[in-house]
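Step one of this worksheet: look at the structure below.
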Amino acid sequence: MTERADVGELKLPAPGFWRSLFKIDQVTVPLADPLHCDAPMLRHAEIAAVYSGQRVAGDFYEFLRVGPSRMLFVLLDIAGLRADTREILIAVQKTFLTLAPELLSGEDFNETTAMIELCNEMNLTILRGGLRSCPAFIGCYNEDLGTVCYANAGHTPGLLRDNTGITLLEATGLPLGLFSHTIQSAAACHLLPGSALLVVSRGIIEADYVHVHADHLDADHQAAEFGLDGVKQSFQQATVLTARDLCLTMLQDARKFTPMTPTHNDLTTLALVRNASGDDAV
């Protein structure tokens with residue numbers, strides 16, 4: 001009679017074996033960037049925002065209609081690289097989208113007070129993620145009046161171009177994300193028919209000239225930045241067709257100044273163009 005071979009106890013691999021074999025612990029879900037909405041349609045005006053290249057830093061823009069005649073826009077420039085600022089941007093975008101309609105919709109409210117309160121709440125949202133400088137330009141465009149109520153929290157100046165020249169919309173307060181009790185304020189400007197408002201990120205201002213060129217050397221013969229003067233000159237010379245065309249023109253001029261792709265700054269432009277009187281059919 002044939003002897004039966006001994007059958008040993010079946011031993012299953014330890015749970016860690018499969019994790020090691022398939023590297024389960026190394027599987028990660030790609031982090032999502034905050035997504036902005038498309039530029040809204042406006043009566044007798046256009047708005048657009050354009051950035052150049054791949055996002056590497058903390059630039060972010062958003063649009064939001066808060067009433068039949070009011071449209072909000074914001075350009076943020078939070079310090080740090082995208083990997084470090086992603087969650088903060090998502091949180092402050094949520095605050096902006098949630099709170100702005102409560103503060104700036106309807107008719108019976110103080111626009112300046114509402115803008116300041118919105119800035120304060122966005123500031124607190126950023127601070128919950130730690131101290132991190134976040135210059136911000138926030139504006140509320142009134143289509144009926146052609147006015148913009150704005151808060152410039154330590155951002156590069158906005159530029160308003162009309163038939164009298166270019167006016168700088170300077171900072172009305174410190175950057176967000178630094179102090180919990182910082183005092184913000186707001187101001188207003190009027191866009192005449194045919195005028196344009198331009199806001200650019202710090203990356204545009206700080207674009208470095210990397211080739212020797214006589215027109216862009218300082219007194220020490222060192223390569224200079226594109227700078228606010230470069231932005232003003234390009235803006236003054238631009239033939240404004242549409243808001244998007246204006247954004248692209250500014251980006252192209254900045255990229256001519258710095259042909260190399262920036263590795264630490266984003267290049268972003270936002271433009272609001274009010275149609276000339278003869279173009280009010282839009």
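Here, A, B, ... name the chains of the structure tokens in the order displayed, residue numbers run from 1 inside each chain, and ligands are numbered from 1 in the same displayed order.
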Discussion item. Quick one: residues within 10 Å of stretch 240-252 of chain A, only C-alpha atoms, excluding same-chain residues fewer than 5 positions away - as a VMD selection string?
Written reply: chain A and resid 39 45 to 52 194 to 200 204 230 to 232 234 to 235 257 to 259 267 to 275
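Secondary structure by DSSP on the backbone puts the following residues of stretch 110-204 of chain A in helix (DSSP H, G or I): Glu111, Thr112, Thr113, Ala114, Met115, Ile116, Glu117, Leu118, Cys119, Asn120, Glu121, Met122, Asn123, Leu124, Thr125, Ile126, Leu127, Arg202, Gly203 and Ile204 of chain A.
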Store the residues picked out above in a file with N, CA and C atoms, as a CSV table (one decimal), in the first residue's frame.
```
chain,number,residue,atom,x,y,z
A,111,GLU,N,-20.4,99.0,-0.2
A,111,GLU,CA,-19.4,98.2,-1.0
A,111,GLU,C,-18.0,98.2,-0.4
A,112,THR,N,-17.6,99.3,0.1
A,112,THR,CA,-16.3,99.4,0.7
A,112,THR,C,-16.1,98.5,1.9
A,113,THR,N,-17.1,98.6,2.8
A,113,THR,CA,-17.1,97.8,4.0
A,113,THR,C,-17.2,96.3,3.7
A,114,ALA,N,-18.0,96.0,2.7
A,114,ALA,CA,-18.0,94.5,2.3
A,114,ALA,C,-16.7,94.1,1.8
A,115,MET,N,-16.0,94.9,1.0
A,115,MET,CA,-14.7,94.5,0.4
A,115,MET,C,-13.7,94.3,1.6
A,116,ILE,N,-13.7,95.2,2.5
A,116,ILE,CA,-12.8,95.1,3.7
A,116,ILE,C,-13.0,93.8,4.5
A,117,GLU,N,-14.3,93.5,4.7
A,117,GLU,CA,-14.7,92.3,5.5
A,117,GLU,C,-14.3,91.0,4.7
A,118,LEU,N,-14.4,91.0,3.4
A,118,LEU,CA,-14.0,89.9,2.6
A,118,LEU,C,-12.5,89.7,2.7
A,119,CYS,N,-11.7,90.8,2.6
A,119,CYS,CA,-10.3,90.7,2.8
A,119,CYS,C,-9.9,90.1,4.1
A,120,ASN,N,-10.6,90.6,5.2
A,120,ASN,CA,-10.2,90.1,6.5
A,120,ASN,C,-10.5,88.6,6.7
A,121,GLU,N,-11.6,88.1,6.1
A,121,GLU,CA,-11.9,86.7,6.2
A,121,GLU,C,-10.9,85.9,5.4
A,122,MET,N,-10.5,86.3,4.2
A,122,MET,CA,-9.5,85.6,3.4
A,122,MET,C,-8.2,85.6,4.1
A,123,ASN,N,-7.9,86.7,4.8
A,123,ASN,CA,-6.6,86.8,5.6
A,123,ASN,C,-6.6,85.7,6.7
A,124,LEU,N,-7.7,85.6,7.4
A,124,LEU,CA,-7.8,84.6,8.5
A,124,LEU,C,-7.7,83.2,7.9
A,125,THR,N,-8.3,82.9,6.8
A,125,THR,CA,-8.2,81.6,6.1
A,125,THR,C,-6.8,81.2,5.8
A,126,ILE,N,-6.0,82.2,5.3
A,126,ILE,CA,-4.6,81.9,5.0
A,126,ILE,C,-3.8,81.6,6.2
A,127,LEU,N,-4.1,82.4,7.3
A,127,LEU,CA,-3.3,82.3,8.5
A,127,LEU,C,-3.6,80.9,9.2
A,202,ARG,N,3.7,89.4,-9.5
A,202,ARG,CA,5.0,89.8,-9.2
A,202,ARG,C,6.0,89.2,-10.2
A,203,GLY,N,5.7,88.0,-10.7
A,203,GLY,CA,6.6,87.4,-11.7
A,203,GLY,C,6.8,88.2,-13.0
A,204,ILE,N,5.8,89.0,-13.3
A,204,ILE,CA,5.9,89.9,-14.5
A,204,ILE,C,6.9,91.1,-14.1
```
Worksheet item: What is the distance between atom CA of A:Ser105 and atom CA of A:Val92, in Å to one decimal?
Response: 19.4 Å
Item to complete: Could you please determine the separation between atom CA of A:Ile138 and atom CA of A:Ala91 in Å, to one decimal place?
Response: 16.4 Å
Practice prompt. Output as JSON, numbers by chain all residues of stretch 14-192 of chain A that backbone DSSP marks as strand (DSSP E or B).
Written response: {"A": [42, 45, 46, 47, 48, 49, 50, 51, 52, 59, 60, 61, 62, 63, 64, 65, 70, 71, 72, 73, 74, 75, 76, 77, 134, 136, 137, 138, 139, 140, 141, 142, 147, 148, 149, 150, 151, 152, 153, 158, 159, 160, 161, 162, 165, 166, 167, 168, 169, 173, 176, 187, 188, 189, 190]}
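Residues surrounding stretch 172-189 of chain A within 6 Å are Thr112, Ile116, Asn123, Ile126, Leu127, Leu131, Arg132, Ser133, Cys134, Pro135, Thr147, Val148, Cys149, Tyr150, Ala151, Asn152, Ala153 and Gly154 of chain A [only C-alpha atoms; sequence separation below 6 positions excluded].
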Discussion item. Residues within 8 Å of A:Glu170, please, as a ChimeraX atom specification. Count only C-alpha atoms; anything in the same chain fewer than 3 positions from it doesn't count.
Written reply: /A:152,156-158
Worksheet entry | Near-A:Met71 list (10 Å; only C-alpha atoms; drop same-chain fewer than 5 positions) as JSON, numbers by chain | {"A": [40, 41, 42, 47, 63, 64, 65, 66, 104, 105, 139, 140, 141, 142, 143, 148]}
